[in-house]
file protein.csv (CSV, C-alpha atoms)
chain,number,residue,atom,x,y,z
A,1,MET,CA,83.2,92.5,107.2
A,2,SER,CA,85.1,91.9,104.0
A,3,ARG,CA,88.4,90.0,103.9
A,4,GLY,CA,89.5,92.1,100.9
A,5,GLN,CA,89.6,95.5,102.6
A,6,LEU,CA,91.9,97.1,105.1
A,7,ILE,CA,91.2,100.4,106.9
A,8,MET,CA,94.0,102.2,108.7
A,9,ARG,CA,93.1,104.7,111.3
A,10,ARG,CA,96.1,106.9,112.2
A,11,VAL,CA,95.7,108.2,115.7
A,12,ASP,CA,97.7,111.3,116.5
A,13,GLY,CA,96.9,111.5,120.2
A,14,LEU,CA,94.7,114.7,120.0
A,15,ASP,CA,91.5,114.6,122.1
A,16,ALA,CA,88.2,115.0,120.3
A,17,ALA,CA,86.7,118.4,120.5
A,18,ARG,CA,84.3,119.0,123.3
A,19,HIS,CA,80.7,120.1,122.6
A,20,GLU,CA,79.0,122.2,125.2
A,21,GLY,CA,75.5,123.5,124.6
A,22,GLY,CA,75.6,122.5,121.0
A,23,VAL,CA,78.7,124.7,120.4
A,24,ASP,CA,82.0,123.2,119.5
A,25,ARG,CA,84.4,125.3,121.6
A,26,ARG,CA,87.6,123.6,120.5
A,27,ALA,CA,86.8,122.8,116.9
A,28,THR,CA,88.9,125.5,115.4
A,29,SER,CA,91.9,125.0,117.6
A,30,THR,CA,91.8,121.3,117.3
A,31,LYS,CA,91.6,121.5,113.5
A,32,ARG,CA,94.6,123.8,113.4
A,33,GLY,CA,96.4,121.3,115.7
A,34,VAL,CA,95.7,118.4,113.4
A,35,ILE,CA,96.9,120.3,110.4
A,36,ALA,CA,100.1,121.3,112.3
A,37,THR,CA,100.5,117.6,113.4
A,38,ASN,CA,100.6,116.6,109.7
A,39,LEU,CA,103.6,118.9,109.0
A,40,ASP,CA,105.3,117.9,112.2
A,41,ALA,CA,104.9,114.2,111.3
A,42,ALA,CA,106.2,114.7,107.8
A,43,GLU,CA,109.3,116.5,109.1
A,44,SER,CA,109.9,113.7,111.6
A,45,LYS,CA,109.7,111.2,108.7
A,46,TYR,CA,112.1,113.3,106.6
A,47,SER,CA,114.5,113.4,109.5
A,48,ALA,CA,114.5,109.6,109.9
A,49,ILE,CA,114.8,109.1,106.2
A,50,SER,CA,117.7,111.5,105.9
A,51,LYS,CA,119.5,109.5,108.6
A,52,GLY,CA,119.1,106.3,106.7
A,53,TYR,CA,116.4,104.6,108.8
A,54,TRP,CA,114.6,103.7,105.6
A,55,GLU,CA,114.4,104.7,102.0
A,56,ASP,CA,111.7,107.0,100.7
A,57,ARG,CA,112.4,109.0,97.6
A,58,PHE,CA,108.9,110.5,97.4
A,59,LEU,CA,108.6,112.5,100.7
A,60,GLY,CA,111.2,115.1,99.8
A,61,PRO,CA,109.8,116.1,96.4
A,62,LEU,CA,106.3,116.1,97.9
A,63,LEU,CA,107.3,118.5,100.7
A,64,VAL,CA,109.1,120.8,98.2
A,65,ALA,CA,106.1,120.8,95.9
A,66,ALA,CA,103.9,121.8,98.9
A,67,ASN,CA,106.3,124.7,99.5
A,68,CYS,CA,107.4,123.2,102.8
A,69,ALA,CA,111.0,123.9,103.9
A,70,LEU,CA,112.9,120.7,104.3
A,71,PRO,CA,114.2,120.5,107.9
A,72,SER,CA,117.9,121.1,108.2
A,73,ILE,CA,118.3,120.0,111.8
A,74,PRO,CA,117.6,116.2,112.4
A,75,ARG,CA,115.3,115.1,115.1
A,76,MET,CA,116.6,113.4,118.2
A,77,PRO,CA,117.5,109.7,117.8
A,78,MET,CA,114.6,108.7,120.0
A,79,ILE,CA,112.1,110.5,117.7
A,80,ASN,CA,113.8,109.0,114.6
A,81,ARG,CA,113.5,105.5,116.0
A,82,GLY,CA,109.9,105.9,117.1
A,83,THR,CA,109.0,107.4,113.7
A,84,PHE,CA,110.7,104.5,111.9
A,85,THR,CA,109.0,101.9,114.1
A,86,ARG,CA,105.6,103.3,113.5
A,87,ALA,CA,106.1,103.6,109.7
A,88,ARG,CA,107.4,100.1,109.4
A,89,VAL,CA,104.6,98.5,111.4
A,90,ILE,CA,102.1,100.2,109.1
A,91,GLU,CA,103.9,99.3,105.9
A,92,LYS,CA,104.5,95.7,106.9
A,93,SER,CA,100.8,95.3,108.0
A,94,VAL,CA,99.7,96.6,104.5
A,95,GLU,CA,102.2,94.3,102.8
A,96,GLN,CA,101.0,91.3,104.8
A,97,PHE,CA,97.4,92.2,103.9
A,98,LEU,CA,98.2,92.3,100.2
A,99,ARG,CA,100.1,89.0,100.3
A,100,ALA,CA,97.2,87.3,102.3
A,101,THR,CA,94.7,88.5,99.7
A,102,ALA,CA,96.8,88.0,96.6
A,103,ASN,CA,94.5,85.4,95.2
A,104,SER,CA,91.2,87.1,96.2
A,105,GLU,CA,88.6,87.0,93.5
A,106,HIS,CA,87.3,90.4,94.7
A,107,PRO,CA,88.9,93.8,94.4
A,108,ARG,CA,91.0,94.8,97.4
A,109,GLN,CA,90.9,98.1,99.1
A,110,ILE,CA,93.1,100.0,101.5
A,111,VAL,CA,91.7,103.1,103.4
A,112,SER,CA,94.1,105.4,105.3
A,113,LEU,CA,92.3,107.7,107.7
A,114,GLY,CA,94.2,110.9,108.6
A,115,ALA,CA,96.8,110.0,105.9
A,116,GLY,CA,98.5,113.4,105.9
A,117,PHE,CA,101.6,113.5,103.6
A,118,ASP,CA,102.1,109.7,103.9
A,119,THR,CA,103.8,108.2,100.8
A,120,LEU,CA,103.0,104.5,101.2
A,121,TYR,CA,100.9,104.3,98.0
A,122,PHE,CA,103.8,105.7,95.9
A,123,ARG,CA,106.3,103.4,97.6
A,124,LEU,CA,104.0,100.4,96.9
A,125,ALA,CA,103.4,101.6,93.3
A,126,SER,CA,107.1,102.0,92.6
A,127,SER,CA,108.0,98.5,93.9
A,128,ALA,CA,109.9,96.3,91.4
A,129,ASN,CA,107.0,93.8,91.9
A,130,PRO,CA,103.9,95.8,92.7
A,131,GLN,CA,101.4,94.0,94.8
A,132,LEU,CA,98.6,96.3,93.8
A,133,THR,CA,96.5,95.4,90.8
A,134,PRO,CA,94.5,97.5,88.4
A,135,ARG,CA,91.3,96.7,90.2
A,136,ASP,CA,92.5,97.5,93.7
A,137,ARG,CA,91.8,100.8,95.4
A,138,PHE,CA,94.0,102.9,97.7
A,139,ILE,CA,92.0,105.6,99.5
A,140,GLU,CA,93.5,108.4,101.6
A,141,VAL,CA,91.3,110.6,103.8
A,142,ASP,CA,92.3,113.9,105.5
A,143,LEU,CA,90.9,117.3,106.4
A,144,PRO,CA,90.1,119.4,103.3
A,145,GLU,CA,93.0,121.8,104.0
A,146,VAL,CA,95.5,118.9,104.2
A,147,ALA,CA,94.0,117.0,101.2
A,148,ALA,CA,94.0,120.1,99.0
A,149,LEU,CA,97.6,120.9,99.9
A,150,LYS,CA,98.7,117.3,99.2
A,151,ALA,CA,96.6,117.1,96.0
A,152,ALA,CA,98.3,120.3,94.7
A,153,ALA,CA,101.7,119.0,95.7
A,154,ILE,CA,101.1,115.7,93.9
A,155,ALA,CA,100.0,117.5,90.8
A,156,ARG,CA,103.2,119.6,90.8
A,157,ALA,CA,105.6,116.7,91.7
A,158,GLN,CA,103.9,114.2,89.4
A,159,PRO,CA,107.0,113.3,87.3
A,160,ALA,CA,109.0,112.5,90.5
A,161,LEU,CA,106.2,110.6,92.2
A,162,LEU,CA,104.5,108.4,89.6
A,163,PRO,CA,106.0,105.6,87.5
A,164,ALA,CA,105.7,105.6,83.7
A,165,PRO,CA,103.3,105.5,82.0
A,166,PRO,CA,102.0,108.5,84.0
A,167,HIS,CA,98.7,108.5,85.8
A,168,HIS,CA,96.0,110.8,84.7
A,169,LEU,CA,95.0,113.3,87.4
A,170,ALA,CA,91.2,113.8,87.5
A,171,PRO,CA,89.0,115.4,90.2
A,172,ASN,CA,85.5,114.1,91.0
A,173,SER,CA,82.6,115.2,93.2
A,174,THR,CA,83.9,113.6,96.4
A,175,SER,CA,87.7,113.5,96.1
A,176,ALA,CA,90.3,116.1,96.1
A,177,LEU,CA,92.3,114.1,93.7
A,178,ARG,CA,92.0,110.8,91.9
A,179,LEU,CA,94.8,109.0,90.0
A,180,GLN,CA,93.2,107.0,87.3
A,181,GLN,CA,94.1,103.3,87.2
A,182,HIS,CA,97.4,102.3,85.8
A,183,PRO,CA,97.9,99.1,83.7
A,184,HIS,CA,99.9,97.6,86.6
A,185,LEU,CA,98.7,99.5,89.7
A,186,GLY,CA,95.7,100.1,91.8
A,187,GLY,CA,93.6,103.2,91.7
A,188,TYR,CA,94.4,106.0,94.1
A,189,ALA,CA,91.9,108.5,95.6
A,190,LEU,CA,92.5,111.3,98.0
A,191,LEU,CA,89.4,112.3,99.8
A,192,ALA,CA,88.8,115.6,101.6
A,193,ALA,CA,86.7,114.9,104.7
A,194,ASP,CA,86.5,115.7,108.4
A,195,LEU,CA,86.7,112.5,110.5
A,196,ARG,CA,84.5,114.1,113.1
A,197,LYS,CA,81.6,114.5,110.6
A,198,LEU,CA,80.7,110.9,110.2
A,199,PRO,CA,77.7,111.2,107.8
A,200,SER,CA,79.7,113.1,105.2
A,201,LEU,CA,82.7,110.9,105.8
A,202,ARG,CA,80.6,107.7,105.3
A,203,ALA,CA,79.1,109.1,102.1
A,204,SER,CA,82.5,110.0,100.6
A,205,LEU,CA,83.9,106.6,101.5
A,206,PHE,CA,81.0,104.6,100.1
A,207,ALA,CA,81.1,106.7,96.9
A,208,ASN,CA,84.8,105.7,96.4
A,209,SER,CA,84.8,102.2,97.8
A,210,SER,CA,83.2,98.8,97.5
A,211,GLY,CA,81.9,98.2,101.0
A,212,ASN,CA,82.8,97.8,104.7
A,213,GLY,CA,86.2,96.7,106.0
A,214,ARG,CA,88.0,95.9,109.2
A,215,VAL,CA,89.8,98.5,111.2
A,216,LEU,CA,93.4,98.5,112.4
A,217,GLU,CA,94.2,101.3,114.9
A,218,PHE,CA,97.8,102.5,115.1
A,219,HIS,CA,98.5,104.5,118.2
call {"tool": "encode", "arguments": {"input": "protein.csv", "output": "structure tokens"}}
result
Amino acid sequence: MSRGQLIMRRVDGLDAARHEGGVDRRATSTKRGVIATNLDAAESKYSAISKGYWEDRFLGPLLVAANCALPSIPRMPMINRGTFTRARVIEKSVEQFLRATANSEHPRQIVSLGAGFDTLYFRLASSANPQLTPRDRFIEVDLPEVAALKAAAIARAQPALLPAPPHHLAPNSTSALRLQQHPHLGGYALLAADLRKLPSLRASLFANSSGNGRVLEFH
């Protein structure tokens, strides 16, 4: 277990698909549900942001670039508060990890499983005092459909998302998108993988990371 790596597993509450007689009878519906959950979560975040719960100048351009209509009706206050609380817990945990490992002699790594349209990397990268370094890695993982949609949106919204000098967008064999390392920021990779298919997921992660890490689960 490495002290220089943080893995976030985003749990959305959906049950795993059941397998009967070797046939996955819920795989298709579950997959559609997960994809729909990503858009619902992004809309909930946009609602809370529009109400001033926290600042995020990246989610709006990302949704527009993905051809998603920005929600015009805010969510209920209870949903806004819950969305804000969850987002802040994750962000503060990552910031705490980066501070605790600031003097590490080894490259640091953050892995976000089921990342969806999360914008944490861009918020960290745009900070006045970025805690990410050129040798650090920030890896996001989601279903191929979600990863492809986000990768295309990032490519279209690049001027609004990335600080100058601009990153270079480059695909590779295992990632939907890779942002080449910036002189002052860590490297970003967006992987297309199904979390239910562990062998292929493991292969993609090891191809883009430097080893094992500890897992934090956010329910």
call {"tool": "atom_distance", "arguments": {"input": "protein.csv", "atom1": "atom CA of A:Pro134", "atom2": "atom CA of A:Gln109"}}
result
11.3 Å
call {"tool": "closest_residue", "arguments": {"input": "protein.csv", "among": "A:Leu120, A:Ala147, A:Ala192, A:Ala155", "to": "A:Arg57", "atoms": "only C-alpha atoms"}}
result
A:Leu120
call {"tool": "atom_distance", "arguments": {"input": "protein.csv", "atom1": "atom CA of A:Tyr188", "atom2": "atom CA of A:Lys45"}}
result
21.8 Å
call {"tool": "atom_distance", "arguments": {"input": "protein.csv", "atom1": "atom CA of A:Phe122", "atom2": "atom CA of A:Arg156"}}
result
14.8 Å
call {"tool": "closest_residue", "arguments": {"input": "protein.csv", "among": "A:Leu98, A:Leu149, A:Ala189, A:Ala160", "to": "A:Cys68", "atoms": "all atoms listed in the file"}}
result
A:Leu149
call {"tool": "closest_residue", "arguments": {"input": "protein.csv", "among": "A:Phe138, A:Phe97, A:Tyr46, A:Tyr121", "to": "A:Ser72", "atoms": "all atoms listed in the file"}}
result
A:Tyr46
call {"tool": "closest_residue", "arguments": {"input": "protein.csv", "among": "A:Asp118, A:Asp194, A:Glu95, A:Glu55", "to": "A:Asp142", "atoms": "only C-alpha atoms"}}
result
A:Asp194
call {"tool": "closest_residue", "arguments": {"input": "protein.csv", "among": "A:Trp54, A:Asn80, A:Asn208, A:Asn103", "to": "A:Gln131", "atoms": "all atoms listed in the file"}}
result
A:Asn103
call {"tool": "closest_residue", "arguments": {"input": "protein.csv", "among": "A:Lys51, A:Gly4, A:Leu39, A:Met78", "to": "A:Ala102", "atoms": "all atoms listed in the file"}}
result
A:Gly4
call {"tool": "residues_around", "arguments": {"input": "protein.csv", "residues": "A:Val146", "least_positions_apart": "4", "cutoff": "7 Å", "atoms": "only C-alpha atoms", "output": "PyMOL selection string"}}
result
chain A and resi 35+116+142+150
call {"tool": "residues_around", "arguments": {"input": "protein.csv", "residues": "A:Ile49", "least_positions_apart": "6", "cutoff": "10 Å", "atoms": "all atoms listed in the file", "output": "list in words"}}
result
Glu43, Glu55, Asp56, Arg57, Leu59, Gly60, Pro74, Asn80, Thr83 and Phe84 of chain A
call {"tool": "write_last_selection", "arguments": {"input": "protein.csv", "atoms": "C-alpha atoms", "output": "short mmCIF file (atom, residue, chain, number, x, y, z; two decimals), keeping the file's coordinate frame"}}
result
data_model
loop_
_atom_site.label_atom_id
_atom_site.label_comp_id
_atom_site.auth_asym_id
_atom_site.auth_seq_id
_atom_site.Cartn_x
_atom_site.Cartn_y
_atom_site.Cartn_z
CA GLU A 43 109.30 116.50 109.10
CA GLU A 55 114.40 104.70 102.00
CA ASP A 56 111.70 107.00 100.70
CA ARG A 57 112.40 109.00 97.60
CA LEU A 59 108.60 112.50 100.70
CA GLY A 60 111.20 115.10 99.80
CA PRO A 74 117.60 116.20 112.40
CA ASN A 80 113.80 109.00 114.60
CA THR A 83 109.00 107.40 113.70
CA PHE A 84 110.70 104.50 111.90
#
